[in-house]
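> Structure supplied as input21.cif; contents: mmCIF, C-alpha atoms.
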data_target
loop_
_atom_site.group_PDB
_atom_site.id
_atom_site.type_symbol
_atom_site.label_atom_id
_atom_site.label_comp_id
_atom_site.auth_asym_id
_atom_site.auth_seq_id
_atom_site.Cartn_x
_atom_site.Cartn_y
_atom_site.Cartn_z
ATOM 1 C CA MET W 1 -22.731 6.877 13.047
ATOM 2 C CA GLU W 2 -20.335 9.485 11.682
ATOM 3 C CA ILE W 3 -17.093 10.045 13.554
ATOM 4 C CA LEU W 4 -14.645 12.814 12.629
ATOM 5 C CA PHE W 5 -11.249 11.657 13.853
ATOM 6 C CA ASP W 6 -8.569 14.262 14.649
ATOM 7 C CA GLU W 7 -5.938 11.578 14.294
ATOM 8 C CA ILE W 8 -6.055 8.035 13.016
ATOM 9 C CA PRO W 9 -6.990 5.456 15.690
ATOM 10 C CA SER W 10 -4.277 3.187 17.135
ATOM 11 C CA LEU W 11 -5.008 -0.515 17.596
ATOM 12 C CA ASP W 12 -3.065 -3.512 18.913
ATOM 13 C CA LEU W 13 -3.153 -6.395 16.423
ATOM 14 C CA ALA W 14 -2.305 -8.805 19.264
ATOM 15 C CA ASP W 15 -5.781 -8.118 20.698
ATOM 16 C CA PHE W 16 -7.126 -9.789 17.572
ATOM 17 C CA THR W 17 -4.545 -12.520 16.948
ATOM 18 C CA ALA W 18 -3.926 -13.550 20.569
ATOM 19 C CA GLY W 19 -6.628 -11.887 22.668
ATOM 20 C CA ASN W 20 -9.654 -13.336 24.432
ATOM 21 C CA PRO W 21 -13.062 -13.208 22.669
ATOM 22 C CA GLU W 22 -13.883 -9.799 24.220
ATOM 23 C CA GLN W 23 -10.577 -8.232 23.084
ATOM 24 C CA LYS W 24 -11.012 -9.743 19.634
ATOM 25 C CA ALA W 25 -14.577 -8.401 19.310
ATOM 26 C CA GLU W 26 -13.478 -4.953 20.519
ATOM 27 C CA PHE W 27 -10.681 -4.877 17.920
ATOM 28 C CA VAL W 28 -13.150 -5.772 15.147
ATOM 29 C CA LYS W 29 -15.575 -3.053 16.283
ATOM 30 C CA ARG W 30 -12.946 -0.320 16.551
ATOM 31 C CA LEU W 31 -11.458 -1.304 13.199
ATOM 32 C CA GLY W 32 -14.921 -1.120 11.608
ATOM 33 C CA ASP W 33 -15.576 2.335 13.114
ATOM 34 C CA ALA W 34 -12.262 3.591 11.728
ATOM 35 C CA TYR W 35 -12.641 2.041 8.281
ATOM 36 C CA GLN W 36 -16.236 3.215 7.861
ATOM 37 C CA ASN W 37 -15.211 6.780 8.677
ATOM 38 C CA ILE W 38 -11.609 7.613 7.879
ATOM 39 C CA GLY W 39 -10.269 4.418 6.273
ATOM 40 C CA PHE W 40 -6.980 4.436 8.247
ATOM 41 C CA VAL W 41 -5.622 2.903 11.475
ATOM 42 C CA ALA W 42 -2.176 2.498 13.049
ATOM 43 C CA ILE W 43 -1.364 -0.949 14.449
ATOM 44 C CA LYS W 44 1.329 -2.352 16.728
ATOM 45 C CA ASN W 45 2.382 -5.992 17.288
ATOM 46 C CA HIS W 46 2.366 -6.627 13.534
ATOM 47 C CA GLY W 47 5.404 -8.919 13.580
ATOM 48 C CA LEU W 48 7.864 -6.667 11.770
ATOM 49 C CA SER W 49 10.912 -6.190 13.990
ATOM 50 C CA GLN W 50 12.779 -2.906 14.222
ATOM 51 C CA ASP W 51 15.924 -4.785 13.242
ATOM 52 C CA LEU W 52 14.398 -5.962 9.949
ATOM 53 C CA GLN W 53 13.031 -2.491 9.186
ATOM 54 C CA ASP W 54 16.480 -0.997 9.809
ATOM 55 C CA ARG W 55 18.156 -3.561 7.541
ATOM 56 C CA LEU W 56 15.650 -3.040 4.741
ATOM 57 C CA TYR W 57 15.984 0.756 4.950
ATOM 58 C CA HIS W 58 19.743 0.385 4.840
ATOM 59 C CA SER W 59 19.473 -1.775 1.683
ATOM 60 C CA ILE W 60 17.163 0.604 -0.148
ATOM 61 C CA LYS W 61 19.155 3.702 0.806
ATOM 62 C CA THR W 62 22.205 1.930 -0.639
ATOM 63 C CA PHE W 63 20.316 1.162 -3.853
ATOM 64 C CA PHE W 64 18.825 4.638 -4.335
ATOM 65 C CA SER W 65 22.233 6.250 -3.801
ATOM 66 C CA LEU W 66 23.581 4.432 -6.897
ATOM 67 C CA PRO W 67 24.037 6.444 -10.113
ATOM 68 C CA ASP W 68 20.861 6.728 -12.222
ATOM 69 C CA GLU W 69 22.380 4.774 -15.116
ATOM 70 C CA ILE W 70 23.026 1.773 -12.830
ATOM 71 C CA LYS W 71 19.518 1.896 -11.368
ATOM 72 C CA ALA W 72 18.127 2.045 -14.909
ATOM 73 C CA LYS W 73 19.466 -1.487 -15.537
ATOM 74 C CA TYR W 74 16.630 -2.691 -13.309
ATOM 75 C CA GLU W 75 13.858 -0.756 -15.039
ATOM 76 C CA LYS W 76 11.299 -2.794 -17.013
ATOM 77 C CA PRO W 77 8.641 -0.628 -18.702
ATOM 78 C CA GLU W 78 7.558 -3.658 -20.750
ATOM 79 C CA ILE W 79 6.016 -5.250 -17.622
ATOM 80 C CA GLY W 80 4.370 -1.993 -16.532
ATOM 81 C CA PHE W 81 7.151 -1.427 -13.953
ATOM 82 C CA GLN W 82 5.589 -4.170 -11.795
ATOM 83 C CA ARG W 83 9.027 -5.432 -10.669
ATOM 84 C CA GLY W 84 12.316 -3.648 -10.165
ATOM 85 C CA TYR W 85 13.020 0.059 -10.525
ATOM 86 C CA THR W 86 10.783 2.934 -11.613
ATOM 87 C CA GLY W 87 12.642 6.147 -12.369
ATOM 88 C CA LYS W 88 11.965 9.696 -11.221
ATOM 89 C CA GLY W 89 8.657 11.265 -12.215
ATOM 90 C CA LYS W 90 7.367 8.221 -14.157
ATOM 91 C CA GLU W 91 4.209 7.754 -12.079
ATOM 92 C CA HIS W 92 1.473 10.338 -11.697
ATOM 93 C CA ALA W 93 -1.800 10.311 -9.772
ATOM 94 C CA LYS W 94 -5.028 9.451 -11.592
ATOM 95 C CA GLY W 95 -6.289 12.516 -13.476
ATOM 96 C CA ARG W 96 -2.909 14.289 -13.422
ATOM 97 C CA ASN W 97 -0.117 14.523 -15.967
ATOM 98 C CA THR W 98 2.629 15.922 -13.732
ATOM 99 C CA GLY W 99 4.872 13.123 -12.430
ATOM 100 C CA ASP W 100 5.343 12.645 -8.691
ATOM 101 C CA LEU W 101 8.704 13.593 -7.154
ATOM 102 C CA LYS W 102 9.759 10.055 -6.316
ATOM 103 C CA GLU W 103 11.507 6.910 -7.560
ATOM 104 C CA PHE W 104 10.766 3.401 -6.311
ATOM 105 C CA TYR W 105 11.601 -0.302 -6.388
ATOM 106 C CA HIS W 106 8.979 -3.073 -6.634
ATOM 107 C CA VAL W 107 9.169 -6.562 -5.159
ATOM 108 C CA GLY W 108 6.382 -9.114 -5.718
ATOM 109 C CA GLN W 109 5.755 -12.769 -4.877
ATOM 110 C CA GLU W 110 8.866 -14.947 -5.094
ATOM 111 C CA LEU W 111 7.956 -17.411 -7.828
ATOM 112 C CA SER W 112 9.878 -20.240 -6.123
ATOM 113 C CA LYS W 113 7.345 -20.089 -3.254
ATOM 114 C CA ILE W 114 4.306 -20.566 -5.535
ATOM 115 C CA PRO W 115 3.274 -24.189 -6.235
ATOM 116 C CA ASP W 116 3.826 -25.298 -9.853
ATOM 117 C CA SER W 117 0.142 -26.248 -10.067
ATOM 118 C CA ASP W 118 -0.955 -22.628 -9.494
ATOM 119 C CA PRO W 119 -1.707 -20.764 -12.772
ATOM 120 C CA LEU W 120 -0.483 -17.511 -11.184
ATOM 121 C CA LYS W 121 3.076 -18.808 -11.388
ATOM 122 C CA SER W 122 3.116 -18.098 -15.125
ATOM 123 C CA GLU W 123 1.210 -14.805 -14.740
ATOM 124 C CA TYR W 124 3.753 -12.990 -12.537
ATOM 125 C CA PRO W 125 7.106 -11.634 -13.676
ATOM 126 C CA GLU W 126 10.281 -12.705 -11.837
ATOM 127 C CA ASN W 127 11.599 -10.388 -9.149
ATOM 128 C CA LEU W 128 14.692 -8.383 -10.089
ATOM 129 C CA TRP W 129 17.529 -8.185 -7.574
ATOM 130 C CA PRO W 130 20.330 -5.617 -7.915
ATOM 131 C CA ASP W 131 23.819 -7.137 -7.941
ATOM 132 C CA GLU W 132 25.089 -3.980 -6.246
ATOM 133 C CA VAL W 133 22.956 -4.543 -3.097
ATOM 134 C CA PRO W 134 23.104 -8.267 -2.272
ATOM 135 C CA ASP W 135 21.190 -7.903 1.037
ATOM 136 C CA LEU W 136 18.079 -6.473 -0.604
ATOM 137 C CA LYS W 137 16.744 -9.866 -1.682
ATOM 138 C CA LYS W 138 16.821 -11.399 1.807
ATOM 139 C CA ASP W 139 15.531 -8.289 3.601
ATOM 140 C CA ALA W 140 12.744 -7.514 1.125
ATOM 141 C CA ASN W 141 11.515 -11.108 0.898
ATOM 142 C CA GLU W 142 11.405 -11.412 4.686
ATOM 143 C CA ALA W 143 9.494 -8.130 5.045
ATOM 144 C CA PHE W 144 7.116 -9.164 2.241
ATOM 145 C CA ARG W 145 6.209 -12.397 4.067
ATOM 146 C CA ILE W 146 5.681 -10.735 7.463
ATOM 147 C CA LEU W 147 3.588 -7.891 6.016
ATOM 148 C CA GLU W 148 1.500 -10.377 4.025
ATOM 149 C CA ASN W 149 0.765 -12.305 7.239
ATOM 150 C CA ALA W 150 -0.177 -9.119 9.103
ATOM 151 C CA GLY W 151 -2.407 -8.197 6.170
ATOM 152 C CA LYS W 152 -4.143 -11.581 6.309
ATOM 153 C CA ALA W 153 -4.897 -11.036 10.015
ATOM 154 C CA MET W 154 -6.316 -7.578 9.245
ATOM 155 C CA LEU W 155 -8.495 -9.077 6.490
ATOM 156 C CA GLN W 156 -9.828 -11.657 8.960
ATOM 157 C CA ALA W 157 -10.926 -8.811 11.257
ATOM 158 C CA ILE W 158 -12.412 -6.934 8.281
ATOM 159 C CA ALA W 159 -14.342 -10.069 7.264
ATOM 160 C CA LEU W 160 -15.823 -10.399 10.750
ATOM 161 C CA ASN W 161 -16.747 -6.711 10.751
ATOM 162 C CA LEU W 162 -18.626 -7.314 7.472
ATOM 163 C CA GLU W 163 -20.338 -10.367 9.066
ATOM 164 C CA LEU W 164 -18.549 -12.697 6.655
ATOM 165 C CA PRO W 165 -16.722 -15.912 7.664
ATOM 166 C CA GLU W 166 -13.380 -15.045 9.280
ATOM 167 C CA ASN W 167 -11.427 -16.803 6.511
ATOM 168 C CA TYR W 168 -13.465 -15.189 3.679
ATOM 169 C CA PHE W 169 -10.384 -13.538 2.113
ATOM 170 C CA GLU W 170 -7.924 -16.401 2.723
ATOM 171 C CA GLU W 171 -8.158 -18.161 -0.662
ATOM 172 C CA LYS W 172 -8.709 -14.861 -2.469
ATOM 173 C CA VAL W 173 -5.324 -13.481 -1.338
ATOM 174 C CA ALA W 174 -3.277 -16.715 -1.467
ATOM 175 C CA TYR W 175 -0.201 -15.800 -3.572
ATOM 176 C CA GLY W 176 -2.005 -12.562 -4.453
ATOM 177 C CA ASN W 177 -0.508 -9.911 -6.708
ATOM 178 C CA SER W 178 0.882 -7.918 -3.765
ATOM 179 C CA ILE W 179 3.712 -5.416 -4.135
ATOM 180 C CA LEU W 180 6.313 -4.228 -1.642
ATOM 181 C CA ARG W 181 7.210 -0.754 -2.873
ATOM 182 C CA GLN W 182 10.380 0.900 -1.591
ATOM 183 C CA ILE W 183 10.026 4.632 -2.233
ATOM 184 C CA HIS W 184 12.636 7.385 -2.286
ATOM 185 C CA TYR W 185 11.258 10.925 -2.328
ATOM 186 C CA PHE W 186 14.473 12.424 -3.632
ATOM 187 C CA PRO W 187 16.032 15.726 -2.538
ATOM 188 C CA ILE W 188 15.114 18.784 -4.597
ATOM 189 C CA GLU W 189 18.254 20.889 -4.772
ATOM 190 C CA ASN W 190 16.556 23.757 -6.588
ATOM 191 C CA PRO W 191 12.820 24.036 -5.762
ATOM 192 C CA ASP W 192 12.313 26.551 -8.612
ATOM 193 C CA GLU W 193 13.195 23.902 -11.197
ATOM 194 C CA VAL W 194 10.271 21.541 -10.433
ATOM 195 C CA PRO W 195 6.829 22.137 -11.987
ATOM 196 C CA ALA W 196 4.669 24.351 -9.790
ATOM 197 C CA ASP W 197 2.122 21.571 -9.282
ATOM 198 C CA ALA W 198 4.623 18.749 -8.639
ATOM 199 C CA VAL W 199 4.392 17.124 -5.227
ATOM 200 C CA ARG W 200 5.993 14.073 -3.666
ATOM 201 C CA ALA W 201 2.791 12.087 -4.114
ATOM 202 C CA ALA W 202 -0.340 13.814 -5.392
ATOM 203 C CA GLU W 203 -3.665 13.056 -3.730
ATOM 204 C CA HIS W 204 -4.799 9.532 -4.536
ATOM 205 C CA GLY W 205 -6.554 6.430 -3.293
ATOM 206 C CA ASP W 206 -4.715 3.107 -3.307
ATOM 207 C CA ILE W 207 -5.803 0.496 -5.865
ATOM 208 C CA ASN W 208 -5.525 -2.654 -3.738
ATOM 209 C CA LEU W 209 -7.491 -4.272 -0.877
ATOM 210 C CA ILE W 210 -5.437 -2.816 1.983
ATOM 211 C CA THR W 211 -2.059 -1.073 2.281
ATOM 212 C CA LEU W 212 0.353 -1.641 5.178
ATOM 213 C CA LEU W 213 2.882 1.175 5.456
ATOM 214 C CA MET W 214 6.124 1.287 7.379
ATOM 215 C CA GLY W 215 8.011 4.520 7.840
ATOM 216 C CA ALA W 216 5.070 6.886 7.863
ATOM 217 C CA SER W 217 6.675 8.949 10.588
ATOM 218 C CA ALA W 218 8.425 11.494 8.375
ATOM 219 C CA ASP W 219 6.356 14.630 7.896
ATOM 220 C CA GLY W 220 4.208 14.986 4.842
ATOM 221 C CA LEU W 221 1.631 12.175 4.794
ATOM 222 C CA GLN W 222 -1.909 13.563 5.093
ATOM 223 C CA VAL W 223 -5.400 12.086 4.830
ATOM 224 C CA LEU W 224 -8.542 13.903 3.646
ATOM 225 C CA ARG W 225 -11.291 13.801 6.259
ATOM 226 C CA LYS W 226 -14.968 13.622 5.243
ATOM 227 C CA ASP W 227 -15.486 17.301 6.076
ATOM 228 C CA GLY W 228 -12.705 18.291 3.644
ATOM 229 C CA LYS W 229 -9.995 18.884 6.242
ATOM 230 C CA TRP W 230 -6.524 17.355 5.655
ATOM 231 C CA ILE W 231 -5.144 15.751 8.819
ATOM 232 C CA PRO W 232 -1.540 14.614 9.282
ATOM 233 C CA ILE W 233 -0.856 10.902 9.697
ATOM 234 C CA THR W 234 1.653 10.216 12.396
ATOM 235 C CA ALA W 235 2.573 6.746 13.572
ATOM 236 C CA LEU W 236 4.844 5.732 16.413
ATOM 237 C CA PRO W 237 8.045 3.940 15.393
ATOM 238 C CA ASP W 238 6.577 0.545 16.387
ATOM 239 C CA GLN W 239 3.384 1.019 14.352
ATOM 240 C CA LEU W 240 2.303 0.301 10.795
ATOM 241 C CA VAL W 241 -0.344 2.454 9.132
ATOM 242 C CA VAL W 242 -3.014 0.272 7.486
ATOM 243 C CA ASN W 243 -5.595 1.762 5.127
ATOM 244 C CA VAL W 244 -8.463 0.619 2.928
ATOM 245 C CA GLY W 245 -7.805 0.498 -0.825
ATOM 246 C CA ASP W 246 -10.180 0.976 -3.758
ATOM 247 C CA MET W 247 -10.752 -2.767 -4.270
ATOM 248 C CA LEU W 248 -12.077 -3.167 -0.730
ATOM 249 C CA GLU W 249 -14.168 0.003 -1.071
ATOM 250 C CA ARG W 250 -15.619 -1.417 -4.272
ATOM 251 C CA LEU W 251 -16.319 -4.847 -2.733
ATOM 252 C CA THR W 252 -18.134 -3.204 0.213
ATOM 253 C CA ASN W 253 -20.013 -0.656 -1.946
ATOM 254 C CA LYS W 254 -18.244 2.208 -0.114
ATOM 255 C CA LYS W 255 -19.187 0.953 3.359
ATOM 256 C CA LEU W 256 -15.440 0.835 4.029
ATOM 257 C CA LYS W 257 -13.707 4.004 2.834
ATOM 258 C CA SER W 258 -10.679 4.210 0.557
ATOM 259 C CA THR W 259 -9.672 7.650 1.722
ATOM 260 C CA ILE W 260 -7.785 10.126 -0.441
ATOM 261 C CA HIS W 261 -4.291 10.828 0.900
ATOM 262 C CA ARG W 262 -1.153 12.606 -0.280
ATOM 263 C CA VAL W 263 2.475 13.318 0.557
ATOM 264 C CA VAL W 264 3.072 17.053 0.538
ATOM 265 C CA ASN W 265 6.423 18.683 -0.106
ATOM 266 C CA PRO W 266 8.438 19.748 2.926
ATOM 267 C CA PRO W 267 9.124 23.448 3.580
ATOM 268 C CA ARG W 268 11.518 24.904 0.997
ATOM 269 C CA GLU W 269 14.488 24.779 3.343
ATOM 270 C CA LYS W 270 13.959 21.023 3.838
ATOM 271 C CA MET W 271 13.348 20.107 0.196
ATOM 272 C CA ASN W 272 16.973 19.099 -0.261
ATOM 273 C CA SER W 273 16.516 16.138 2.117
ATOM 274 C CA SER W 274 15.451 12.583 1.264
ATOM 275 C CA ARG W 275 12.346 10.836 2.569
ATOM 276 C CA TYR W 276 11.906 7.072 2.392
ATOM 277 C CA SER W 277 8.801 5.007 2.879
ATOM 278 C CA ILE W 278 7.839 1.386 2.276
ATOM 279 C CA PRO W 279 4.190 0.532 1.603
ATOM 280 C CA PHE W 280 3.011 -3.056 1.116
ATOM 281 C CA PHE W 281 0.111 -3.016 -1.336
ATOM 282 C CA MET W 282 -1.933 -6.123 -0.555
ATOM 283 C CA HIS W 283 -3.632 -7.419 -3.684
ATOM 284 C CA PRO W 284 -5.841 -10.446 -4.149
ATOM 285 C CA ARG W 285 -5.463 -12.998 -6.923
ATOM 286 C CA SER W 286 -6.366 -11.485 -10.276
ATOM 287 C CA GLU W 287 -9.494 -13.647 -10.619
ATOM 288 C CA MET W 288 -11.069 -12.350 -7.368
ATOM 289 C CA ASP W 289 -14.601 -11.102 -8.028
ATOM 290 C CA LEU W 290 -14.993 -7.499 -6.800
ATOM 291 C CA THR W 291 -18.781 -7.464 -7.319
ATOM 292 C CA CYS W 292 -20.338 -5.502 -4.424
ATOM 293 C CA LEU W 293 -21.305 -7.748 -1.509
ATOM 294 C CA GLU W 294 -25.075 -8.175 -1.335
ATOM 295 C CA SER W 295 -25.004 -7.339 2.374
ATOM 296 C CA CYS W 296 -23.576 -3.887 1.501
ATOM 297 C CA VAL W 297 -26.282 -3.052 -1.069
ATOM 298 C CA SER W 298 -29.718 -1.789 -0.009
ATOM 299 C CA GLU W 299 -32.440 0.644 -1.078
ATOM 300 C CA GLU W 300 -30.756 3.385 0.967
ATOM 301 C CA ASN W 301 -27.338 2.376 -0.350
ATOM 302 C CA PRO W 302 -27.782 1.290 -4.000
ATOM 303 C CA LYS W 303 -24.997 -0.476 -5.875
ATOM 304 C CA LEU W 304 -22.371 2.063 -7.008
ATOM 305 C CA PHE W 305 -19.968 -0.045 -9.063
ATOM 306 C CA SER W 306 -20.122 -2.297 -12.110
ATOM 307 C CA ASP W 307 -18.875 -5.855 -11.677
ATOM 308 C CA ALA W 308 -15.162 -6.491 -12.322
ATOM 309 C CA THR W 309 -12.398 -8.869 -11.348
ATOM 310 C CA ALA W 310 -9.366 -7.610 -9.438
ATOM 311 C CA GLY W 311 -7.212 -8.158 -12.544
ATOM 312 C CA GLU W 312 -9.475 -6.078 -14.783
ATOM 313 C CA PHE W 313 -9.644 -3.268 -12.237
ATOM 314 C CA LEU W 314 -5.870 -3.222 -11.711
ATOM 315 C CA ASP W 315 -5.215 -3.117 -15.452
ATOM 316 C CA GLU W 316 -7.525 -0.130 -15.892
ATOM 317 C CA ARG W 317 -5.884 1.756 -13.016
ATOM 318 C CA LEU W 318 -2.288 1.110 -14.147
ATOM 319 C CA ARG W 319 -3.191 2.739 -17.481
ATOM 320 C CA GLU W 320 -4.663 5.740 -15.640
ATOM 321 C CA LEU W 321 -1.431 6.104 -13.644
ATOM 322 C CA GLY W 322 0.768 6.113 -16.725
ATOM 323 C CA LEU W 323 2.529 2.867 -15.792
ATOM 324 C CA LYS W 324 0.896 0.798 -18.529
ATOM 325 C CA LYS W 325 0.423 1.943 -22.097
#
Translate this file's structure into structure tokens.

Amino acid sequence: MEILFDEIPSLDLADFTAGNPEQKAEFVKRLGDAYQNIGFVAIKNHGLSQDLQDRLYHSIKTFFSLPDEIKAKYEKPEIGFQRGYTGKGKEHAKGRNTGDLKEFYHVGQELSKIPDSDPLKSEYPENLWPDEVPDLKKDANEAFRILENAGKAMLQAIALNLELPENYFEEKVAYGNSILRQIHYFPIENPDEVPADAVRAAEHGDINLITLLMGASADGLQVLRKDGKWIPITALPDQLVVNVGDMLERLTNKKLKSTIHRVVNPPREKMNSSRYSIPFFMHPRSEMDLTCLESCVSEENPKLFSDATAGEFLDERLRELGLKK
């Protein structure tokens, strides 16, 4: 059935990870209702302490306040900006040429944690760590691990909602190509100088399986409802916002919705202030098969997507975003 949410539903992940069978089943049902309609939920009890969030925000604010020429030392266009720094306006939404008003820093899997026998170890670039901010490595790696674990729990609930085995995604996301992206939407001192159509983050869907976002409380994040209305996403300080990405939409033949969202510019008088946010883009291993699940294809709902692996799909999208040539 269709549900038009006025705000994104709030769920308690502990109901799933530590609840009784009834609480667990209720979590799976409510998650399914949300993901089949608006593609977003807010969750609490995700394991990420306020202390760690504060430390990580402190580290990234320190990094982004460095001079541009120092930050540029950590910029690697030759790896499609998959690790380290991406400068202002380099990324644009699919189908647009105007760069977004943001800069960011990417952290991926720590190669030392991946077994030598795993072929992915040679596929991923090394993380880059700025000498100027020694705490970033510890804080970002710790947050990466906790968010990955929360993501795995969410994928278990998603699997059950799709009537798949609970551990369906486990091997598919082991040492997956996930990215912790620390974003700085920088202050605009003179709003007249930016292109008329430039926004902090133009409307887009995420590429990955699911995204777990901390720091969605600052104004500006909006999600497009099925009836065409933009609704604001607000999360309490102890919540993460978790949404469906394009890979999961593709796997489920659009049963689960990767909903278009954006970050709009603040009112003119507030444009000279910074906004920070930290999404964790949960990716599977590059060899994961994204062919639509047979259970999601029927006469009423014919197959909408050609077959592709996660690696092929990601490559295509990075080119569309201007991050890969």
> Rank nothing, just name the residue among W:Arg96, W:Lys76, W:Arg319, W:Lys90 nearest to W:Asp197, using all atoms listed in the file.
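Looking at the shortest contact to W:Asp197, the residue is W:Arg96.
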> Hey, which of W:Ala143, W:Pro195, W:Asn149, W:Ser306 ends up closest to W:Thr17? Count all atoms listed in the file.
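Counting all atoms listed in the file, the residue closest to W:Thr17 is W:Asn149.
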> Which polymer residues have any atom within 12 Å of an atom of W:Cys296, counting only C-alpha atoms, with same-chain residues fewer than 2 positions away left out, as a list in words?
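Those residues are Asn161, Leu162, Glu163, Leu164, Leu248, Glu249, Arg250, Leu251, Thr252, Asn253, Lys254, Lys255, Leu256, Thr291, Cys292, Leu293, Glu294, Ser298, Glu299, Glu300, Asn301, Pro302, Lys303, Leu304 and Phe305 of chain W.
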> Can you list, as a ChimeraX atom specification, every protein, DNA or RNA residue that comes within 12 Å of W:Pro119 when you count all atoms listed in the file, leaving out same-chain residues fewer than 3 positions away?
/W:111,114-116,122-124,175-176,285-287
> Using all atoms listed in the file, which of the listed residues (W:Ile233, W:Ile278, W:Ala42, W:Leu180) sits closest to W:Tyr57?
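Residue with the minimum atom-to-atom distance to W:Tyr57: W:Ile278.
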> Report as a list in words the residues that result from applying the PyMOL selection byres ((chain W and resi 227) around 12) to the structure here.
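This file gives the following for the PyMOL selection byres ((chain W and resi 227) around 12): Glu2, Ile3, Leu4, Phe5, Asp6, Asn37, Ile38, Val223, Leu224, Arg225, Lys226, Gly228, Lys229, Trp230 and Ile231 of chain W.
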> What do you get, as number ranges by chain, if you spell out every residue that the PyMOL selection byres ((chain W and resi 308) around 8) selects here?
W: 289-291, 306-307, 309-310, 312-313
> Keeping only C-alpha atoms, write those residues as a CSV table (one decimal), in the coordinates of the input.

chain,number,residue,atom,x,y,z
W,289,ASP,CA,-14.6,-11.1,-8.0
W,290,LEU,CA,-15.0,-7.5,-6.8
W,291,THR,CA,-18.8,-7.5,-7.3
W,306,SER,CA,-20.1,-2.3,-12.1
W,307,ASP,CA,-18.9,-5.9,-11.7
W,309,THR,CA,-12.4,-8.9,-11.3
W,310,ALA,CA,-9.4,-7.6,-9.4
W,312,GLU,CA,-9.5,-6.1,-14.8
W,313,PHE,CA,-9.6,-3.3,-12.2
> One number please: atom CA of W:Lys44 to atom CA of W:Phe144, in Å, one decimal.
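Computing the Euclidean distance for atom CA of W:Lys44 and atom CA of W:Phe144 yields 17.0 Å.
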> Applying 10 Å and all atoms listed in the file, which residues near W:Gln82 remain after dropping the ones on its own chain fewer than 5 positions away? List them as a PyMOL selection string.
chain W and resi 75-77+105-108+124-127+177+179+181+318+323-324
> On this structure, which residues satisfy the PyMOL selection byres ((chain W and resi 269) around 12), written as a list in words?
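For this structure, the PyMOL selection byres ((chain W and resi 269) around 12) captures Pro187, Ile188, Glu189, Asn190, Pro191, Asn265, Pro266, Pro267, Arg268, Lys270, Met271, Asn272 and Ser273 of chain W.
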> With a distance cut-off of 9 Å and all atoms listed in the file, select the neighbouring residues of W:Phe169, excluding the residue or stretch itself and same-chain residues fewer than 6 positions from it, and output the selection as a ChimeraX atom specification.
/W:152,155-156,159,284
> Keeping C-alpha atoms for every residue in the selection just given, could you write it to a file as a JSON list (two decimals), in the frame of the given file?

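Final output, selection.json:
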[["chain", "number", "residue", "atom", "x", "y", "z"],
["W", 152, "LYS", "CA", -4.14, -11.58, 6.31],
["W", 155, "LEU", "CA", -8.49, -9.08, 6.49],
["W", 156, "GLN", "CA", -9.83, -11.66, 8.96],
["W", 159, "ALA", "CA", -14.34, -10.07, 7.26],
["W", 284, "PRO", "CA", -5.84, -10.45, -4.15]]
> Could you check the closest approach to W:Leu101 for each of W:Val194, W:Ile260, W:Leu240, W:Leu213 and tell me which residue wins, using only C-alpha atoms?
W:Val194
> Using all atoms listed in the file, find the one residue out of W:Pro232, W:Gly220, W:Gly89, W:Gly205 that sits nearest to W:Tyr276.
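Looking at the shortest contact to W:Tyr276, the residue is W:Gly220.
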> Would you be able to write out as a list in words which residues have an atom within 6 Å of (1.1, -6.3, -0.8) in the file's coordinates, counting all atoms listed in the file?
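The distance filter leaves exactly Ser178, Ile179, Leu180, Phe280, Phe281, Met282 and His283 of chain W.
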> If you measure from atom CA of W:Ala201 to atom CA of W:Val264, what distance in Å do you get, rounded to one decimal?
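According to the coordinates, atom CA of W:Ala201 and atom CA of W:Val264 are separated by 6.8 Å.
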> Env of stretch 59-69 of chain W: 9 Å cut, atoms = all atoms listed in the file, seq-sep filter 6 positions within chain, self excluded. Answer as number ranges by chain.
W: 87, 103-105, 130, 132-136, 139-140, 182-184, 186, 276
